[in-house]
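Worksheet: one structure, shown below.
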Amino acid sequence: MNSLSAVPVRLDQSLRWFAQIWRSLRRSRQGTVGLMIVIIHMLIAVTSPLIVPYSPSDIDGKNRLAPPTREHPFGTDSFGRDLFSRTLLGGRAAIGVALLAAAVAVIWGGLLGILLAFIGGRVDEVAMRLIDALLAIPGLLVVLLIVVALGTGFGVLILTLGYAYGVSTVRVARGAALGFVARDFITAARARGERKGAIVRRELIPNLLDVLLVEYVMRASWSLTAISSLSYLGFGIAPPTPDWGRMVFENQVLLAISPWGTLFPVLALSSLIIGINLAGDALSKAIGLDRSREAPT
Amino acid sequence: MSQKLLQVEGLTTGYRSRAGHIVQVIRNVSLEMQRGETLGLVGESGCGKTTFGMTLLGHLRPGGQVIAGSVRFEGLDLFGLGPDELATIRGQRVAVIPQSASSALTPTMRVADQIAEVLALHLGLAGSELQERTLELLSQARLPQVDELARRFPHELSGGQLQRVAIAMGLAGRPELLVLDEPTTGLDVTTQAHILDLLREIQVSTGTAMLYISHDMGAIARVCDRLAVMYSGEIVEDGAIEDVFAHPAHPYTRGLLGSVPRLSYSGLPRAMAGRPPAPGEDAVGCAFVPRCAFADETCKTIDPALEPTDRVGKIPHLAQCHHWRRVLASGAAGWMQDLKARTNKAAEQEPLLELAEVDITYAKRGLAAFLARWRGEPEPPPTVSGFSITIHRGETLALVGESGSGKSTIARAIAGLLPPRSGRIRFGKQDLAAEVESRPAEIHHKIQIIFQNPDASLNPRHTVKQLLDAPLRLYFDMDRKGRLARSGTLIEEVRLTPRYLERHPGQMSGGEKQRVAVARAFAAEPDLVLCDEVTSALDVSVQAAVLELLAGLQADRGVAYLFISHDLAVVRAIADRVAVLYQGRICELGPVADIYSPPYHPYTETLLAAAPEPVPGARAQLLAKDVQEADPPARGCCFQRRCPRRIGSICDDETPPGQIAAEGHVIRCHIPLAELRESQVDLISPADIETHGVGADAR
């Protein structure tokens, strides 16, 4: 074997890990449905700029508040903008922000939680009470405060949401890690004289990846709800970028006359969130089951 | 009424695999039990013992099905009964006593209520009669102060007491058949002896028939009249227990008996190669062929039938082997020769590890300790106290004692995982820092530790290659290629093949995992290996193999072991010197040959008397009560509260002196040696060396 052998082995292992998770997801009907919904949404988000018939800000002055027609499959809004194009494009920014925010949340929250469980003692005690205090403030309120103060750039949104949802990830990751820190293989690593960083990296984190993956999916779903709420309130994705939350806000006053501008973004947003949650539930169930199933051979 | 209580005929059970075909678990088992008979069922784990035991209650695991045959209890076909009829049979006519009483009892119900429930349901008792019978059952299970104890919750009882409650519950419906599933596994040896004694007594007084499922030959020998051996879901041998023990007719029985370490012989037991097939792995012919020394071409093609052998006796002796004549003629398996001379190195060699006056405590520290003192709470005596011991290069020092005696605590202190409160630990010529983090790297690799349960000590997410790589990367300046080559060598040294390098722990059996743990410890090229109950979680056959492996590695490498065990027979098989520990204090220390014969420390005597030797009909001598003490006494002898030879207040007040019985043999007791010597008998029946001849053997 050459000196690069270890890298393909690792890669191969993580591929196997994903393949296994994929298989167990597919075994559950809920998981399969959820996954299909998410995949369709992701495909649309990626390809929409290429497939939409109109630019989201093109104004068709003759067709304002039009019902669905062949020309405008979802109708038009009060400015005469094509709702089909706007709905297809409206998820891109929110999904992007949500995925990145969830990544930020799981990385800092997960790492801190694992470290606290490993360090234990008084540091853990004090830090967890602090986390409890932070958890007592509703997340969206904190996000609103920060966004109002700092403005609504993508960077600010990602970091702010990442912070707000990471707080509860600390608890989850710490709880999961506590189940492992007392295990003999950690004791064995300590007795061997491994450095603390190496113990966390090599021994602890590989056992928590599945928990963190589920955590990531759930945080992404929450972040998506949060970002849409912010946009609705006017603090999220700023115009002219089309966004579902913003679209609902713009069109709600005309709900009685022309419901299309509200209906389609709401359908898009809720289907995506339902899809993520179905997939996430099946994922956590699959991981729990597979652990017990793997034990004997 | 017919004499036959139970009739199992051609029973085959199994489940449908995900791939869709039927996997057989119990295969064509035919068995009869008479009223009042005690039948032992032995076999390695995964042989189908528990599954079979549960079919006697008409129970199958979810997804299981009866493929052929029947179980008849007094003529009633259990699997033909409806749920209501079955419910009246269970508990009332057939009852089960589970392995783990602590998980079988409801934690939120008082123990009396749980027993009363059975009585009300099956016997329709109520009111004062119900209460009376409950207490009667508890005292029948020899529980102390039943009035008070009945009101407790399960978590307020000790392990032995819980098992007694479970026994009382099993007896509540006055069953005709009791199925006991490993009822003493996990209990201390003295507690086990008491429970076995109780079972025997119950059998005599109530005439209840018992099916005793266990992997422990010693326990079976204490309780049973008849023995059935199960392998791969089949009964391979069945006969009177004395006859089967003395004249095994199936190679599997012979191998199992040979792998049990004994108090009466100091050699290594003979390991059986291989492992039982998993359900569904069975091929044509006898399932034991891959592990059998007697097998030939016939065995690979023709299934043997369970047939009577030419041994005569009250109970017919059956064996399922084409070659039972040859097996019978070859006698028992015999022991291995020692791989190195047992030595009493106290005098000759330079010490490797020295512990001097070590005290270890789990007591509160810092602010909590200050508050406790301020409130006037007395400080509890340290868990381990005044512990001094020396381990020499290349020797095996065993640390024996019941659970809670501080054995693992000491190992953790040596490994630097639990700093002692006071005392000194020296390794070679240098003092060791208390914390592993502040020890230099060259000390780390010289002291290695192997844990009891490889499931917990091997990271489930790592492959064997990664597991072995960790110490190599840490201690040696090797490139990746070198480490990989070394891992390959190591895995072969523990008699596994390099194929295992890519496996995860979840894909290996318990014995294979423990071998990997051994390989990981030896990867560091240590001078001292701390073995913490390394064979306790393994089957006897696997235990023998791991012991042999450890002894072989020691002979090759000259490594020293601190061998921690609760099992005196295992210790006898491998140790050079033995320290007997009670409540964190050494009672007796000496060369292995001296420990097993008088004079004994009264605690050693208690342990030896209780230890179950696989000798049919032997009964334990119950010298001390099986109480579990929470804290060691503040003064005097550590064993004062349970000692059967207590001589008076001197035991309570003064620390006993270390009396020298022979060179290197110290007994810490107030009773003069001469008196001990005079009053004690040799507790170990002289080895049945004649039938179990030592030496080479067909294998």
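Identifiers in the structure tokens: chain A, B, ... in order shown; residue index from 1 per chain; ligand index from 1 in order shown.
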**OP:** Could you give me, as a PyMOL selection string, the residues within 7 Å of B:Ser232, counting only C-alpha atoms and dropping anything in the same chain fewer than 5 positions from it?
**Re:** chain B and resi 47-48+276-277+287
Write to file, as a PDB file, in the first residue's frame, the residues of the selection just made, with N, CA and C atoms.
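The file below, result_37.pdb, is the result:
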```pdb
ATOM      1  N   CYS B  47     -26.014 -20.540  22.151  1.00  0.00           N
ATOM      2  CA  CYS B  47     -26.349 -21.909  21.770  1.00  0.00           C
ATOM      3  C   CYS B  47     -27.850 -22.175  21.817  1.00  0.00           C
ATOM      4  N   GLY B  48     -28.612 -21.223  22.305  1.00  0.00           N
ATOM      5  CA  GLY B  48     -30.070 -21.397  22.320  1.00  0.00           C
ATOM      6  C   GLY B  48     -30.628 -21.840  23.658  1.00  0.00           C
ATOM      7  N   PRO B 276     -19.137 -21.251  18.546  1.00  0.00           N
ATOM      8  CA  PRO B 276     -20.337 -21.916  18.043  1.00  0.00           C
ATOM      9  C   PRO B 276     -20.870 -21.198  16.799  1.00  0.00           C
ATOM     10  N   PRO B 277     -21.497 -21.949  15.877  1.00  0.00           N
ATOM     11  CA  PRO B 277     -22.058 -21.299  14.697  1.00  0.00           C
ATOM     12  C   PRO B 277     -23.241 -20.428  15.086  1.00  0.00           C
ATOM     13  N   ALA B 287     -22.773 -30.212  13.659  1.00  0.00           N
ATOM     14  CA  ALA B 287     -22.466 -28.787  13.753  1.00  0.00           C
ATOM     15  C   ALA B 287     -21.123 -28.543  14.435  1.00  0.00           C
TER      16      ALA B 287
END
```
Subject >> Picked from stretch 136-248 of chain B by DSSP as strand (DSSP E), as a PyMOL selection string >> reply: chain B and resi 177-181+209-213+226-231+234-240
**OP:** Quick one: pick out all helix (DSSP H, G or I) residues within stretch 56-281 of chain A from a backbone DSSP run and write them as a ChimeraX atom specification.
**Re:** /A:83-89,92-119,121-136,139-150,154-181,184-192,196-233,244-254,260-281
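Among the candidates A:Ala45, A:Leu116, A:Ala102, A:Ala198, the residue lying nearest to chain B is A:Ala198 (atoms considered: only C-alpha atoms).
Within the 10 Å cut-off around A:Val143, using only C-alpha atoms and omitting residues fewer than 3 positions from it on the same chain, the listed residues are A:Pro138, A:Gly139, A:Leu140, A:Ile146, A:Val147, A:Val148, A:Ala149, A:Val156, A:Leu157, A:Leu159, A:Thr160, A:Leu161, A:Gly162, A:Tyr163, A:Ala164, A:Tyr165, A:Ala226, A:Ile227, A:Leu230, A:Phe235.
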Could you write out that same residue set with N, CA, C and O atoms as a compact mmCIF listing (two decimals), in the first residue's frame?
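Output file part_19.txt follows:
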```txt
# COMPACT_ATOMS: atom_id res chain seq x y z
N PRO A 138 -36.35 33.81 24.41
CA PRO A 138 -36.79 33.22 23.14
C PRO A 138 -35.83 33.54 22.01
O PRO A 138 -35.39 34.69 21.86
N GLY A 139 -35.50 32.53 21.22
CA GLY A 139 -34.49 32.66 20.17
C GLY A 139 -34.81 33.75 19.18
O GLY A 139 -33.95 34.59 18.85
N LEU A 140 -36.05 33.78 18.71
CA LEU A 140 -36.40 34.75 17.67
C LEU A 140 -36.25 36.19 18.16
O LEU A 140 -35.85 37.09 17.41
N ILE A 146 -30.65 41.53 17.52
CA ILE A 146 -29.34 41.67 16.88
C ILE A 146 -29.50 42.21 15.46
O ILE A 146 -28.76 43.10 15.03
N VAL A 147 -30.48 41.66 14.74
CA VAL A 147 -30.66 42.08 13.36
C VAL A 147 -31.05 43.55 13.28
O VAL A 147 -30.56 44.30 12.43
N VAL A 148 -31.90 43.99 14.20
CA VAL A 148 -32.29 45.40 14.23
C VAL A 148 -31.06 46.26 14.47
O VAL A 148 -30.87 47.30 13.85
N ALA A 149 -30.20 45.79 15.37
CA ALA A 149 -29.02 46.58 15.70
C ALA A 149 -27.98 46.55 14.60
O ALA A 149 -27.35 47.58 14.30
N VAL A 156 -24.69 38.63 8.77
CA VAL A 156 -25.31 38.87 10.07
C VAL A 156 -26.40 37.83 10.34
O VAL A 156 -26.47 37.24 11.42
N LEU A 157 -27.23 37.57 9.33
CA LEU A 157 -28.31 36.60 9.52
C LEU A 157 -27.77 35.22 9.87
O LEU A 157 -28.24 34.57 10.80
N LEU A 159 -24.82 34.30 11.08
CA LEU A 159 -24.17 34.21 12.38
C LEU A 159 -25.18 34.33 13.52
O LEU A 159 -25.09 33.63 14.52
N THR A 160 -26.14 35.23 13.35
CA THR A 160 -27.11 35.43 14.42
C THR A 160 -27.96 34.17 14.63
O THR A 160 -28.13 33.69 15.74
N LEU A 161 -28.50 33.63 13.53
CA LEU A 161 -29.30 32.40 13.66
C LEU A 161 -28.43 31.25 14.16
O LEU A 161 -28.86 30.45 14.99
N GLY A 162 -27.22 31.20 13.64
CA GLY A 162 -26.29 30.15 14.06
C GLY A 162 -26.04 30.23 15.56
O GLY A 162 -26.02 29.21 16.26
N TYR A 163 -25.89 31.44 16.06
CA TYR A 163 -25.71 31.59 17.50
C TYR A 163 -26.96 31.14 18.25
O TYR A 163 -26.90 30.34 19.18
N ALA A 164 -28.13 31.66 17.81
CA ALA A 164 -29.36 31.43 18.58
C ALA A 164 -29.68 29.93 18.66
O ALA A 164 -30.07 29.42 19.72
N TYR A 165 -29.52 29.21 17.55
CA TYR A 165 -29.87 27.79 17.59
C TYR A 165 -28.74 26.93 18.14
O TYR A 165 -28.97 25.81 18.58
N ALA A 226 -37.39 30.45 10.90
CA ALA A 226 -37.00 31.73 11.51
C ALA A 226 -36.70 32.77 10.44
O ALA A 226 -37.15 33.92 10.52
N ILE A 227 -35.97 32.37 9.41
CA ILE A 227 -35.57 33.34 8.39
C ILE A 227 -36.81 33.82 7.64
O ILE A 227 -36.94 35.01 7.31
N LEU A 230 -38.56 36.31 9.82
CA LEU A 230 -37.84 37.59 9.79
C LEU A 230 -38.14 38.35 8.50
O LEU A 230 -38.39 39.56 8.55
N PHE A 235 -37.20 42.03 8.37
CA PHE A 235 -35.82 42.05 8.85
C PHE A 235 -34.97 40.95 8.26
O PHE A 235 -33.85 40.71 8.69
```
**OP:** Specify as an MDAnalysis selection string all residues of chain B found within 9 Å of chain A, counting only C-alpha atoms.
**Re:** chainID B and resid 278 412 415:417 436:437 439:441 444:445 447:451 453:462 470:471 474 479:481 505:509 524
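Here atom CA of B:Ile360 is placed at a distance of 23.8 Å from atom CA of B:Asp567.
Excluding A:Val170 itself and any same-chain residue fewer than 4 positions from it, the protein and nucleic acid residues within 9 Å of it, counting only C-alpha atoms, are Ala105, Val106, Trp108, Gly109, Gly110, Leu111, Leu112, Gly113, Ile114, Leu116, Met128, Ile131, Gly166, Arg174 and Gly175 of chain A.
The two atoms in question, atom CA of B:Ala398 and atom CA of B:Val571, are spaced 6.4 Å apart.
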Original post:
Can you tell me, as a VMD selection string, what residues are no more than 12 Å from B:Gly75 when counting only C-alpha atoms, ignoring any on the same chain fewer than 4 positions away?
Top reply: chain B and resid 1 to 9 32 70 to 71 79 to 81
Take the residues from that selection and put them in a file with all heavy atoms, as a short mmCIF file (atom, residue, chain, number, x, y, z; two decimals), in the first residue's frame.
```cif
data_model
loop_
_atom_site.label_atom_id
_atom_site.label_comp_id
_atom_site.auth_asym_id
_atom_site.auth_seq_id
_atom_site.Cartn_x
_atom_site.Cartn_y
_atom_site.Cartn_z
N MET B 1 -51.76 -40.21 37.94
CA MET B 1 -51.03 -39.19 37.18
C MET B 1 -49.72 -39.77 36.65
O MET B 1 -49.03 -40.49 37.36
CB MET B 1 -50.74 -38.00 38.09
CG MET B 1 -50.69 -36.69 37.34
SD MET B 1 -50.10 -35.40 38.41
CE MET B 1 -51.50 -35.16 39.51
N SER B 2 -49.45 -39.45 35.44
CA SER B 2 -48.22 -39.97 34.84
C SER B 2 -47.01 -39.32 35.50
O SER B 2 -47.08 -38.20 36.01
CB SER B 2 -48.24 -39.70 33.33
OG SER B 2 -47.03 -39.09 32.92
N GLN B 3 -45.91 -40.02 35.50
CA GLN B 3 -44.71 -39.48 36.12
C GLN B 3 -44.08 -38.35 35.31
O GLN B 3 -43.41 -37.49 35.84
CB GLN B 3 -43.67 -40.60 36.29
CG GLN B 3 -43.79 -41.32 37.60
CD GLN B 3 -43.44 -40.45 38.77
OE1 GLN B 3 -44.33 -39.86 39.41
NE2 GLN B 3 -42.16 -40.32 39.06
N LYS B 4 -44.33 -38.39 34.00
CA LYS B 4 -43.65 -37.42 33.13
C LYS B 4 -44.27 -36.04 33.27
O LYS B 4 -45.45 -35.84 33.06
CB LYS B 4 -43.75 -37.87 31.68
CG LYS B 4 -42.55 -38.69 31.29
CD LYS B 4 -42.73 -39.31 29.93
CE LYS B 4 -41.97 -40.61 29.88
NZ LYS B 4 -42.61 -41.59 29.01
N LEU B 5 -43.45 -35.10 33.64
CA LEU B 5 -43.95 -33.76 33.84
C LEU B 5 -43.91 -33.01 32.52
O LEU B 5 -44.84 -32.30 32.15
CB LEU B 5 -43.04 -33.06 34.85
CG LEU B 5 -43.42 -31.64 35.24
CD1 LEU B 5 -44.71 -31.66 36.03
CD2 LEU B 5 -42.30 -31.01 36.05
N LEU B 6 -42.82 -33.22 31.82
CA LEU B 6 -42.59 -32.42 30.63
C LEU B 6 -42.10 -33.32 29.52
O LEU B 6 -41.28 -34.21 29.73
CB LEU B 6 -41.52 -31.37 30.94
CG LEU B 6 -41.19 -30.45 29.77
CD1 LEU B 6 -42.17 -29.31 29.73
CD2 LEU B 6 -39.78 -29.93 29.92
N GLN B 7 -42.64 -33.09 28.33
CA GLN B 7 -42.24 -33.89 27.19
C GLN B 7 -42.04 -32.97 26.00
O GLN B 7 -43.00 -32.40 25.49
CB GLN B 7 -43.35 -34.90 26.89
CG GLN B 7 -42.84 -36.26 26.61
CD GLN B 7 -43.97 -37.27 26.54
OE1 GLN B 7 -45.11 -37.00 26.94
NE2 GLN B 7 -43.66 -38.42 26.02
N VAL B 8 -40.81 -32.83 25.60
CA VAL B 8 -40.52 -32.02 24.41
C VAL B 8 -40.21 -33.01 23.30
O VAL B 8 -39.38 -33.90 23.48
CB VAL B 8 -39.30 -31.10 24.64
CG1 VAL B 8 -39.02 -30.25 23.40
CG2 VAL B 8 -39.55 -30.21 25.84
N GLU B 9 -40.90 -32.87 22.18
CA GLU B 9 -40.70 -33.84 21.11
C GLU B 9 -40.34 -33.17 19.80
O GLU B 9 -41.13 -32.39 19.27
CB GLU B 9 -41.96 -34.69 20.93
CG GLU B 9 -41.83 -36.04 21.60
CD GLU B 9 -43.12 -36.82 21.53
OE1 GLU B 9 -43.96 -36.49 20.67
OE2 GLU B 9 -43.28 -37.73 22.34
N GLU B 32 -37.25 -35.17 28.01
CA GLU B 32 -38.31 -35.43 28.98
C GLU B 32 -37.83 -35.04 30.35
O GLU B 32 -36.64 -35.15 30.65
CB GLU B 32 -38.68 -36.92 28.98
CG GLU B 32 -39.52 -37.32 27.81
CD GLU B 32 -39.81 -38.80 27.82
OE1 GLU B 32 -39.39 -39.49 28.77
OE2 GLU B 32 -40.45 -39.26 26.86
N SER B 70 -43.39 -30.45 19.47
CA SER B 70 -44.31 -29.92 20.47
C SER B 70 -43.65 -29.89 21.83
O SER B 70 -42.65 -30.57 22.08
CB SER B 70 -45.55 -30.82 20.54
OG SER B 70 -45.15 -32.11 20.95
N VAL B 71 -44.21 -29.05 22.71
CA VAL B 71 -43.82 -29.03 24.12
C VAL B 71 -45.06 -29.41 24.90
O VAL B 71 -46.07 -28.70 24.85
CB VAL B 71 -43.34 -27.62 24.54
CG1 VAL B 71 -42.99 -27.63 26.02
CG2 VAL B 71 -42.16 -27.18 23.71
N PHE B 79 -47.98 -24.99 22.91
CA PHE B 79 -48.12 -24.10 21.77
C PHE B 79 -49.48 -24.26 21.08
O PHE B 79 -49.78 -23.57 20.13
CB PHE B 79 -46.98 -24.29 20.78
CG PHE B 79 -45.71 -23.69 21.29
CD1 PHE B 79 -44.71 -24.49 21.83
CD2 PHE B 79 -45.53 -22.32 21.30
CE1 PHE B 79 -43.55 -23.94 22.33
CE2 PHE B 79 -44.37 -21.76 21.79
CZ PHE B 79 -43.37 -22.57 22.31
N GLY B 80 -50.30 -25.21 21.59
CA GLY B 80 -51.65 -25.34 21.06
C GLY B 80 -52.66 -24.61 21.93
O GLY B 80 -53.84 -24.56 21.61
N LEU B 81 -52.22 -24.05 23.05
CA LEU B 81 -53.14 -23.41 23.99
C LEU B 81 -53.44 -21.97 23.60
O LEU B 81 -52.62 -21.30 22.98
CB LEU B 81 -52.54 -23.42 25.40
CG LEU B 81 -52.34 -24.78 26.05
CD1 LEU B 81 -51.69 -24.60 27.41
CD2 LEU B 81 -53.67 -25.50 26.20
#
```
